[in-house]
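Following: one structure in structure tokens, then a few remarks.
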Amino acid sequence: MTDAEWAVVREMLPVPGWMRGKGGQPEGYCHRQILDAIRYLVDNGIKWRSMPVDFPCWKRVYAFFARWRDIQLVKEFHDRLRARTREAAGRDAEPSAGIIDAQSVKAAANVPAASRGFDGGKLINGRRRHLVTDCIGLVLDVLVTPASTGERDAARILLPRLRARFSRLKLIWADGGYTGSLVTWAATVLNLVLQVVKRTDDIKGFVVLPRRWVVERTLGWLMRSRRLARDYETRADSAEAMILFSMTMVMSRRLARRRRAGTVPARP
């Protein structure tokens with residue numbers, strides 16, 4: 001990452017326990033080196049063992065990634081960057097509306113049969129990424145399931161999590177795959193409006209549908225990361241962490257550009 005990006009990222013990093021007087025051994029590598037290595041892996045789609053010699057040993061980089069994945073530090077880091085990006089765009093740190101959608105991707109041979117499935121609509125054997133974004137395309141939550149998992153079933157897991165985390169969230173836009181009893185359930189149980197934006201039968205060719213294009217654009221951003229072009233992760237939570245790391249790259253670059261332009265003041 002550039003120096004401008006690091007200046008932004010450094011402010012958002014979780015503070016290690018040993019720096020807060022909670023004990024533990026000081027880390028042997030600079031966080032910038034480790035994060036650069038993970039970003040390189042996500043961006044270029046390499047194997048862990050193919051980490052270039054310019055970075056720390058791949059075992060140390062993977063151990064850092066696994067620790068952040070297991071104790072949810074990657075999600076904390078991502079959420080801090082998202083709040084800062086929203087504030088820089090003139091919005092409240094916490095969203096009041098979101099858009100939900102799903103994407104099926106092929107799975108590599110190392111993905112276990114228990115965590116993969118067949119999407120009969122897209123004819124894909126692999127996994128499905130369920131995303132909820134805000135109105136500017138930043139990820140609010142992500143869930144990776146077998147491709148056979150229906151969109152409504154995944155939404156019954158995602159929506160309660162969102163409702164618990166974001167008290168201001170009142171409205172979710174969705175496509176036709178989220179119709180049916182899910183709309184009533186979201187309204188009565190979660191006090192959440194699930195508004196389905198459908199494509200009418202008289203429309204021909206490509207048409208930008210209101211709000212749905214936002215999450216579809218985010219899925220396009222993710223596909224720029226070669227590690228996400230196919231699901232290579234043995235564990236589903238590793239796949240979710242890779243998505244979050246990909247989005248941190250998008251947000252850190254956006255904040256760095258704004259800081260260079262003088263629209264984002266540096267925090268003390």
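Chain labels follow the order of the structure tokens: the first chain is A, the next B, and so on; residue numbering restarts at 1 in every chain, and ligands are counted from 1 in their shown order.
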query = Which residues come within 7 Å of stretch 184-192 of chain A, counting only C-alpha atoms, excluding same-chain residues fewer than 6 positions away, as an MDAnalysis selection string?
reply = chainID A and resid 160 163 170:171
Keeping all heavy atoms for every residue in the selection just given, could you write it to a file as a PDB file, in the first residue's frame?
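Final file, again02.pdb:
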ATOM      1  N   PRO A 160     -31.382 -10.659  10.849  1.00  0.00           N
ATOM      2  CA  PRO A 160     -31.316 -10.460  12.301  1.00  0.00           C
ATOM      3  C   PRO A 160     -29.955  -9.948  12.766  1.00  0.00           C
ATOM      4  O   PRO A 160     -29.874  -9.133  13.703  1.00  0.00           O
ATOM      5  CB  PRO A 160     -31.618 -11.857  12.864  1.00  0.00           C
ATOM      6  CG  PRO A 160     -32.393 -12.542  11.792  1.00  0.00           C
ATOM      7  CD  PRO A 160     -31.820 -12.027  10.506  1.00  0.00           C
ATOM      8  N   ARG A 163     -29.907  -6.274  11.991  1.00  0.00           N
ATOM      9  CA  ARG A 163     -30.810  -5.516  12.879  1.00  0.00           C
ATOM     10  C   ARG A 163     -30.187  -5.328  14.252  1.00  0.00           C
ATOM     11  O   ARG A 163     -30.380  -4.294  14.895  1.00  0.00           O
ATOM     12  CB  ARG A 163     -32.146  -6.255  13.012  1.00  0.00           C
ATOM     13  CG  ARG A 163     -33.279  -5.378  13.499  1.00  0.00           C
ATOM     14  CD  ARG A 163     -33.638  -4.360  12.419  1.00  0.00           C
ATOM     15  NE  ARG A 163     -34.672  -3.454  12.874  1.00  0.00           N
ATOM     16  CZ  ARG A 163     -34.426  -2.302  13.516  1.00  0.00           C
ATOM     17  NH1 ARG A 163     -33.198  -1.929  13.772  1.00  0.00           N
ATOM     18  NH2 ARG A 163     -35.415  -1.518  13.871  1.00  0.00           N
ATOM     19  N   LYS A 170     -33.555   0.571   8.718  1.00  0.00           N
ATOM     20  CA  LYS A 170     -35.007   0.443   8.615  1.00  0.00           C
ATOM     21  C   LYS A 170     -35.483  -0.158   7.297  1.00  0.00           C
ATOM     22  O   LYS A 170     -36.586  -0.699   7.229  1.00  0.00           O
ATOM     23  CB  LYS A 170     -35.668   1.823   8.790  1.00  0.00           C
ATOM     24  CG  LYS A 170     -35.370   2.506  10.109  1.00  0.00           C
ATOM     25  CD  LYS A 170     -35.953   1.736  11.278  1.00  0.00           C
ATOM     26  CE  LYS A 170     -35.703   2.471  12.593  1.00  0.00           C
ATOM     27  NZ  LYS A 170     -36.205   1.686  13.758  1.00  0.00           N
ATOM     28  N   LEU A 171     -34.653  -0.070   6.241  1.00  0.00           N
ATOM     29  CA  LEU A 171     -35.114  -0.435   4.905  1.00  0.00           C
ATOM     30  C   LEU A 171     -34.038  -1.246   4.187  1.00  0.00           C
ATOM     31  O   LEU A 171     -32.857  -0.898   4.230  1.00  0.00           O
ATOM     32  CB  LEU A 171     -35.436   0.833   4.105  1.00  0.00           C
ATOM     33  CG  LEU A 171     -35.765   0.673   2.619  1.00  0.00           C
ATOM     34  CD1 LEU A 171     -37.047  -0.137   2.436  1.00  0.00           C
ATOM     35  CD2 LEU A 171     -35.896   2.040   1.958  1.00  0.00           C
TER      36      LEU A 171
END
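Of the residues listed (A:Asp36, A:Asp43, A:Asp119, A:Glu11), A:Asp43 shows the shortest atom-to-atom separation from A:Ala229; distances use only C-alpha atoms.
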task = Determine which residues of stretch 16-211 of chain A receive a DSSP assignment of strand (DSSP E or B), computed from the backbone, and state them as a PyMOL selection string.
result = chain A and resi 97-107+117-119+124-133+139-146+171-174+193-196
Write the selection just made, keeping N, CA, C and O atoms, as a compact mmCIF listing (two decimals), in the first residue's frame?
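Output saved as result08.txt:
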# COMPACT_ATOMS: atom_id res chain seq x y z
N ALA A 97 -30.31 2.33 5.53
CA ALA A 97 -30.87 1.49 4.47
C ALA A 97 -29.76 0.66 3.85
O ALA A 97 -28.58 1.01 3.93
N GLY A 98 -30.16 -0.45 3.23
CA GLY A 98 -29.18 -1.33 2.61
C GLY A 98 -29.78 -2.06 1.43
O GLY A 98 -30.98 -1.98 1.16
N ILE A 99 -28.93 -2.79 0.72
CA ILE A 99 -29.34 -3.59 -0.43
C ILE A 99 -28.75 -4.98 -0.28
O ILE A 99 -27.58 -5.11 0.08
N ILE A 100 -29.56 -6.01 -0.52
CA ILE A 100 -29.12 -7.39 -0.36
C ILE A 100 -29.14 -8.11 -1.71
O ILE A 100 -30.02 -7.87 -2.54
N ASP A 101 -28.14 -8.95 -1.91
CA ASP A 101 -28.09 -9.75 -3.13
C ASP A 101 -27.14 -10.92 -2.89
O ASP A 101 -26.47 -10.98 -1.85
N ALA A 102 -27.06 -11.84 -3.84
CA ALA A 102 -26.21 -13.02 -3.71
C ALA A 102 -25.49 -13.28 -5.03
O ALA A 102 -25.96 -12.90 -6.10
N GLN A 103 -24.34 -13.94 -4.91
CA GLN A 103 -23.54 -14.28 -6.08
C GLN A 103 -23.00 -15.69 -5.92
O GLN A 103 -22.39 -16.01 -4.89
N SER A 104 -23.21 -16.54 -6.90
CA SER A 104 -22.69 -17.90 -6.88
C SER A 104 -21.37 -17.94 -7.65
O SER A 104 -21.27 -17.39 -8.74
N VAL A 105 -20.37 -18.60 -7.05
CA VAL A 105 -19.06 -18.74 -7.70
C VAL A 105 -18.63 -20.19 -7.63
O VAL A 105 -18.99 -20.93 -6.71
N LYS A 106 -17.85 -20.60 -8.61
CA LYS A 106 -17.32 -21.96 -8.62
C LYS A 106 -16.32 -22.14 -7.48
O LYS A 106 -15.62 -21.21 -7.11
N ALA A 107 -16.27 -23.35 -6.95
CA ALA A 107 -15.36 -23.67 -5.86
C ALA A 107 -14.20 -24.50 -6.37
O ALA A 107 -14.36 -25.33 -7.27
N GLY A 117 -22.22 -26.64 -2.80
CA GLY A 117 -23.48 -27.14 -3.31
C GLY A 117 -23.66 -26.75 -4.77
O GLY A 117 -22.78 -26.15 -5.37
N PHE A 118 -24.82 -27.09 -5.32
CA PHE A 118 -25.09 -26.83 -6.73
C PHE A 118 -26.22 -25.82 -6.86
O PHE A 118 -27.31 -26.02 -6.32
N ASP A 119 -25.93 -24.74 -7.55
CA ASP A 119 -26.93 -23.72 -7.84
C ASP A 119 -27.61 -24.09 -9.16
O ASP A 119 -27.02 -23.96 -10.24
N ILE A 124 -23.98 -23.73 -11.28
CA ILE A 124 -22.65 -23.57 -10.69
C ILE A 124 -22.52 -24.50 -9.49
O ILE A 124 -23.39 -24.52 -8.60
N ASN A 125 -21.43 -25.24 -9.46
CA ASN A 125 -21.11 -26.10 -8.33
C ASN A 125 -20.07 -25.36 -7.49
O ASN A 125 -18.92 -25.22 -7.90
N GLY A 126 -20.48 -24.88 -6.33
CA GLY A 126 -19.55 -24.10 -5.52
C GLY A 126 -20.23 -23.49 -4.31
O GLY A 126 -20.99 -24.15 -3.61
N ARG A 127 -19.95 -22.23 -4.10
CA ARG A 127 -20.48 -21.51 -2.94
C ARG A 127 -21.24 -20.26 -3.39
O ARG A 127 -21.09 -19.80 -4.52
N ARG A 128 -22.02 -19.74 -2.46
CA ARG A 128 -22.79 -18.53 -2.74
C ARG A 128 -22.43 -17.47 -1.71
O ARG A 128 -22.39 -17.74 -0.51
N ARG A 129 -22.15 -16.26 -2.20
CA ARG A 129 -21.84 -15.12 -1.34
C ARG A 129 -23.07 -14.25 -1.20
O ARG A 129 -23.58 -13.72 -2.18
N HIS A 130 -23.54 -14.11 0.01
CA HIS A 130 -24.70 -13.26 0.30
C HIS A 130 -24.18 -11.96 0.90
O HIS A 130 -23.52 -11.97 1.95
N LEU A 131 -24.47 -10.85 0.24
CA LEU A 131 -23.96 -9.55 0.65
C LEU A 131 -25.08 -8.58 0.95
O LEU A 131 -26.11 -8.58 0.28
N VAL A 132 -24.85 -7.76 1.96
CA VAL A 132 -25.71 -6.60 2.22
C VAL A 132 -24.80 -5.38 2.20
O VAL A 132 -23.79 -5.34 2.91
N THR A 133 -25.12 -4.41 1.35
CA THR A 133 -24.33 -3.19 1.26
C THR A 133 -25.17 -1.98 1.67
O THR A 133 -26.40 -2.07 1.76
N VAL A 139 -19.80 -2.79 2.12
CA VAL A 139 -20.37 -4.03 2.67
C VAL A 139 -20.74 -3.83 4.14
O VAL A 139 -19.92 -3.39 4.95
N LEU A 140 -21.98 -4.18 4.48
CA LEU A 140 -22.43 -4.17 5.86
C LEU A 140 -22.27 -5.53 6.51
O LEU A 140 -21.92 -5.63 7.68
N ASP A 141 -22.53 -6.59 5.76
CA ASP A 141 -22.36 -7.95 6.28
C ASP A 141 -22.25 -8.91 5.11
O ASP A 141 -22.73 -8.61 4.00
N VAL A 142 -21.62 -10.04 5.37
CA VAL A 142 -21.43 -11.04 4.32
C VAL A 142 -21.60 -12.42 4.94
O VAL A 142 -21.23 -12.66 6.10
N LEU A 143 -22.17 -13.32 4.17
CA LEU A 143 -22.37 -14.71 4.60
C LEU A 143 -22.05 -15.61 3.41
O LEU A 143 -22.61 -15.42 2.32
N VAL A 144 -21.16 -16.57 3.61
CA VAL A 144 -20.79 -17.52 2.56
C VAL A 144 -21.41 -18.86 2.89
O VAL A 144 -21.21 -19.40 3.99
N THR A 145 -22.17 -19.42 1.95
CA THR A 145 -22.89 -20.68 2.14
C THR A 145 -22.66 -21.56 0.92
O THR A 145 -22.14 -21.12 -0.10
N PRO A 146 -23.07 -22.84 1.00
CA PRO A 146 -23.10 -23.66 -0.22
C PRO A 146 -24.00 -23.01 -1.27
O PRO A 146 -24.97 -22.33 -0.93
N LEU A 171 -34.65 -0.07 6.24
CA LEU A 171 -35.11 -0.44 4.91
C LEU A 171 -34.04 -1.25 4.19
O LEU A 171 -32.86 -0.90 4.23
N ILE A 172 -34.48 -2.34 3.55
CA ILE A 172 -33.59 -3.17 2.74
C ILE A 172 -34.23 -3.36 1.37
O ILE A 172 -35.38 -3.79 1.27
N TRP A 173 -33.48 -3.03 0.31
CA TRP A 173 -33.95 -3.30 -1.05
C TRP A 173 -33.43 -4.67 -1.49
O TRP A 173 -32.32 -5.07 -1.12
N ALA A 174 -34.22 -5.37 -2.29
CA ALA A 174 -33.86 -6.72 -2.72
C ALA A 174 -34.45 -7.00 -4.09
O ALA A 174 -35.31 -6.24 -4.58
N VAL A 193 -38.32 -3.02 6.87
CA VAL A 193 -39.03 -3.01 5.58
C VAL A 193 -38.14 -3.65 4.52
O VAL A 193 -37.04 -3.16 4.25
N LEU A 194 -38.61 -4.73 3.93
CA LEU A 194 -37.91 -5.40 2.83
C LEU A 194 -38.65 -5.06 1.55
O LEU A 194 -39.72 -5.60 1.27
N GLN A 195 -38.10 -4.16 0.77
CA GLN A 195 -38.74 -3.68 -0.46
C GLN A 195 -38.14 -4.39 -1.67
O GLN A 195 -36.94 -4.27 -1.94
N VAL A 196 -38.96 -5.14 -2.39
CA VAL A 196 -38.51 -5.91 -3.54
C VAL A 196 -38.64 -5.05 -4.79
O VAL A 196 -39.71 -4.53 -5.11
ask   = Skipping near chain neighbours, those fewer than 2 positions away, what residues fall within 12 Å of A:Ala37 using only C-alpha atoms, listed as a VMD selection string?
value = chain A and resid 1 29 to 35 39 to 62 64 to 65 245
request  = Report as a PyMOL selection string: the residues of stretch 30-260 of chain A with a DSSP assignment of helix (DSSP H, G or I), based on the backbone of this structure.
outcome  = chain A and resi 31-44+48-50+58-70+73-88+113-115+151-165+176-178+181-189+212-222+226-228+236-260
